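Engineer: What follows is a structure written as structure tokens; I'll ask about it next.
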Amino acid sequence: MLEKINQLLTKAVILKKGGGEDKLMKRKEKGLMSARERIEQLLDKNSFNEIDLFVEHQGRDFGLDKQKLAGDGVITGFGKIDGRPVCIFAQDFTVAGGSLGRMHAAKITKVMDIASNMGIPVIGINDSGGARIQEGVDSLAGYGEIFYRNTINSGKIPQISVIMGPCAGGAVYSPAITDFVFMVDKLSQMFITGPKVIESVLREKIDPESLGGARVHNEITGNAHFFAESELEALGQIKDLLSFIPSSWDKPLPEAKPKPPKSRKKIENIIPNDNKMAYDMKDLIGYIVDDSYFLEVQKYFAPNITVGFARLDGKPVGIVANNPKYLAGVLDVDSSDKAARFVRFCDSFGIPILTLVDLPGYLPGIDQEHYGVIRHGAKLLFAYSEATVPTVTVIIRKAYGGGYIAMASKHLRIDFVYAWPTAEIAVMGPEGACNIIFAKEISEASDPEKVRQAKISEYKEKYSNPYNAASKAYVDAVITPEETREKIITSFEIAKTKQIVKKHHKHDSIPL
Amino acid sequence: MDELIIDGAKYETNFTNKYKLLKSLKPPKLNKSEIRAFIPGQITDIPAVKGKVVSANTNIISLEAMKMINEIVLDFDIQISEIYVKIGDIVEKNQILIKYSIPKTQKKKKK
């Protein structure tokens, strides 16, 4: 008996060393964590339960049959984060470069199925050279099995991808389907065709970091949601994110002790009087939410719209807000995509949505029109219209034209729409409107500029306010900045019992 | 601070890096007297002969790129004025391959 137990322990010790002590040492020298260390660092102490440690590959070609690959290059199992159960897998680059073969994929899909059945999040730490070429089409089948599960689990359980090394070729599509992608500066890389292929085909030289590093995907492509300077920082960000989201779509939201906002900056010091002057919307968010704490998602991508999580009276909310600090807070191709995706995530998981509005409209430009701002802008309208979670909108300053409609207006079945006295709800800004309505009067005047200015003032007086919209019941109440937090909290409390029964059909056909 | 003009109003704000990088998608100008490589690759076949007419929808030159052999055809007849490459040449994107003119017979047909 004892001998057999010892045999098990010895075997496990060897397998847990992955690609061997030499390779692990080399990683350590480079300052990199091993796959196992990453899991242990992320999970609560001693909470990791490994499964499938003894799995072996079944490759028979190209000499693979003579090779032993510990755990087939991936560590899988379940554990806890802040006491809440999660499933996890981490690819081990020290074992055949973390390459994905059939059994490697089968280990991953097994933990994905456990997560799906139990209704708990699944976290995948990607660090792999790609498909295991020796296993041929079996490795492609493996990817397909993962992508399929990512898709059917979407909106059911939170799926989190962490890129801590290369993730190239078809492999990128698992993270792409998941809800949140975390990347580490100068460590993570994602691309469909790498620098070598690009150079051989197109003769264009580019280094991996500039092609698909953490900065590129966080700022330019929008494929990533979180940027970290180090592995440790990324793992901390994951814990932070999980503290705001439920374990699955039908589970309660994780509540915390209610806290008042930390910094009670004077509102006059946040919002400039001149509506053409910029301010940072995040200061206003800090003015409203618990402890002034806001976990921003996609901080660097399309910063003209700000999205992320915060708490109100201890309960998590998703916030979508135009940010005048960048591009005057306009809607454009990227900001529409970003906000629409976030709204849909919140709606899937029952997280109430607070929208703060201050935008002059859509970004003008040939590039915007030709990149399809119509198609992309449609997604945001669609996402808000189909949302059935509690929703509250506060119009801070400008809400013009199509942008007003798209930014969670009353017309899209938003539960409560409030406006500040500084709000301007109109079909367009005063300048543009007067140039059209009074074109003749202005051009025929002896002093056109004087008449234009007079008309603009007149228009501002009459229409650049919240009262016109309030008189038509498009705004539920005009409220002061001071009472805003309480109003939002009370509104969400009332909306807690909201029930919208959707007509049964297969699914909608969102303009992707 | 940057300035963004929307509906005649100037907004003081900051441009993002991506906004500064964006370029409009203008279609390249077509020069109706030459054929250029639309992608880098290797010339694998040149059925066209200098001075001879190549009729519409017939392969003029083959360019292999991305594991595909692309036969380059035009939907009108042309007369080859000059061939700048030979079989086996590796060409860059936009490199000139062939110069041509419209044969007189074709012009008559058009009438």
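Identifiers for the structure tokens are assigned positionally: chains receive A, B, ... in sequence, residues are indexed from 1 per chain, and ligands are indexed from 1 in the order shown.
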Write out as a tab-separated table a residue-level contact list of chain A versus chain B with cut-off 6 Å: for each qualifying residue the closest pair of atoms and the distance in Å to one decimal, counting only C-alpha atoms, rows sorted by chain and residue number upward.

Structural biologist:
```
residue	atom	partner	partner_atom	distance
A:Leu202	CA	B:Pro40	CA	5.6
A:Lys276	CA	B:Tyr11	CA	4.6
A:Met277	CA	B:Glu12	CA	5.2
A:Ala278	CA	B:Thr13	CA	5.5
A:Lys325	CA	B:Thr13	CA	5.3
A:Tyr326	CA	B:Asn14	CA	4.7
A:Leu327	CA	B:Phe15	CA	5.4
A:Ala328	CA	B:Thr13	CA	5.3
A:Ile366	CA	B:Ser24	CA	5.8
A:Asp367	CA	B:Ser24	CA	4.1
A:Glu431	CA	B:Gly8	CA	5.6
A:Gly432	CA	B:Asp7	CA	4.6
```

Engineer: Go ahead and save the picked residues with C-alpha atoms, as a PDB file, in the first residue's frame.

Structural biologist:
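The result, written out as part-v9.pdb:
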```
ATOM      1  CA  LEU A 202       4.482  41.121 -48.248  1.00  0.00           C
ATOM      2  CA  LYS A 276     -17.125  73.258 -25.796  1.00  0.00           C
ATOM      3  CA  MET A 277     -14.469  72.732 -23.158  1.00  0.00           C
ATOM      4  CA  ALA A 278     -13.302  69.262 -22.245  1.00  0.00           C
ATOM      5  CA  LYS A 325     -11.547  64.668 -22.892  1.00  0.00           C
ATOM      6  CA  TYR A 326     -10.968  62.639 -26.057  1.00  0.00           C
ATOM      7  CA  LEU A 327     -12.397  63.513 -29.488  1.00  0.00           C
ATOM      8  CA  ALA A 328     -15.039  65.610 -27.701  1.00  0.00           C
ATOM      9  CA  ILE A 366     -14.471  60.091 -44.921  1.00  0.00           C
ATOM     10  CA  ASP A 367     -12.574  57.414 -42.999  1.00  0.00           C
ATOM     11  CA  GLU A 431     -24.337  76.617 -34.458  1.00  0.00           C
ATOM     12  CA  GLY A 432     -25.236  73.871 -36.904  1.00  0.00           C
TER      13      GLY A 432
END
```

Engineer: Using DSSP secondary structure from the backbone, list all strand (DSSP E) positions within range 271-446 of chain A, as a PyMOL selection string.

Structural biologist: chain A and resi 294-297+305-312+315-322+353-359+391-400+416-419+424-426

Engineer: Can you pull out every residue within 7 Å of Gly59 in chain A, counting only C-alpha atoms, but drop anything in the same chain fewer than 5 positions away, and send it as number ranges by chain?

Structural biologist: A: 64-65, 135

Engineer: I'd like the neighbourhood of Val54 in chain B as a count of residues only, where a residue qualifies if any of its atoms comes within 8 Å (using only C-alpha atoms), though same-chain residues fewer than 6 positions away should be ignored.

Structural biologist: 6

Engineer: Using 10 Å as the limit and counting only C-alpha atoms, can you tabulate each residue of range 224-250 of chain A that touches range 84-107 of chain A, with its shortest atom-to-atom distance in Å and the two atoms involved, as a Markdown table?

Structural biologist:
```
| residue | atom | partner | partner_atom | distance |
| --- | --- | --- | --- | --- |
| A:Leu242 | CA | A:Arg84 | CA | 9.2 |
| A:Ser243 | CA | A:Arg84 | CA | 9.6 |
| A:Pro246 | CA | A:Arg84 | CA | 9.9 |
| A:Ser247 | CA | A:Arg84 | CA | 7.9 |
```

Engineer: I'd like the contact shell of Ala387 in chain A - 12 Å cut-off, only C-alpha atoms, skipping same-chain residues fewer than 4 positions apart - returned as an NGL selection string.

Structural biologist: :A and (340-353 or 380-383 or 391-392 or 408 or 412-415 or 498-502 or 508)

Engineer: Of the candidates A:Asp337, A:Glu209, A:Asp72, A:Asp44, which one gets nearest to Gly19 in chain A if we count only C-alpha atoms?

Structural biologist: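 Looking only at the distances to Gly19 in chain A, the closest residue turns out to be A:Asp72.
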
Engineer: From a DSSP pass on the backbone, collect the residues of range 57-273 of chain A flagged as alpha helix (DSSP H) and hand them back as a ChimeraX atom specification.

Structural biologist: /A:102-118,137-152,173-177,195-202,208-212,214-216,231-242,267-270
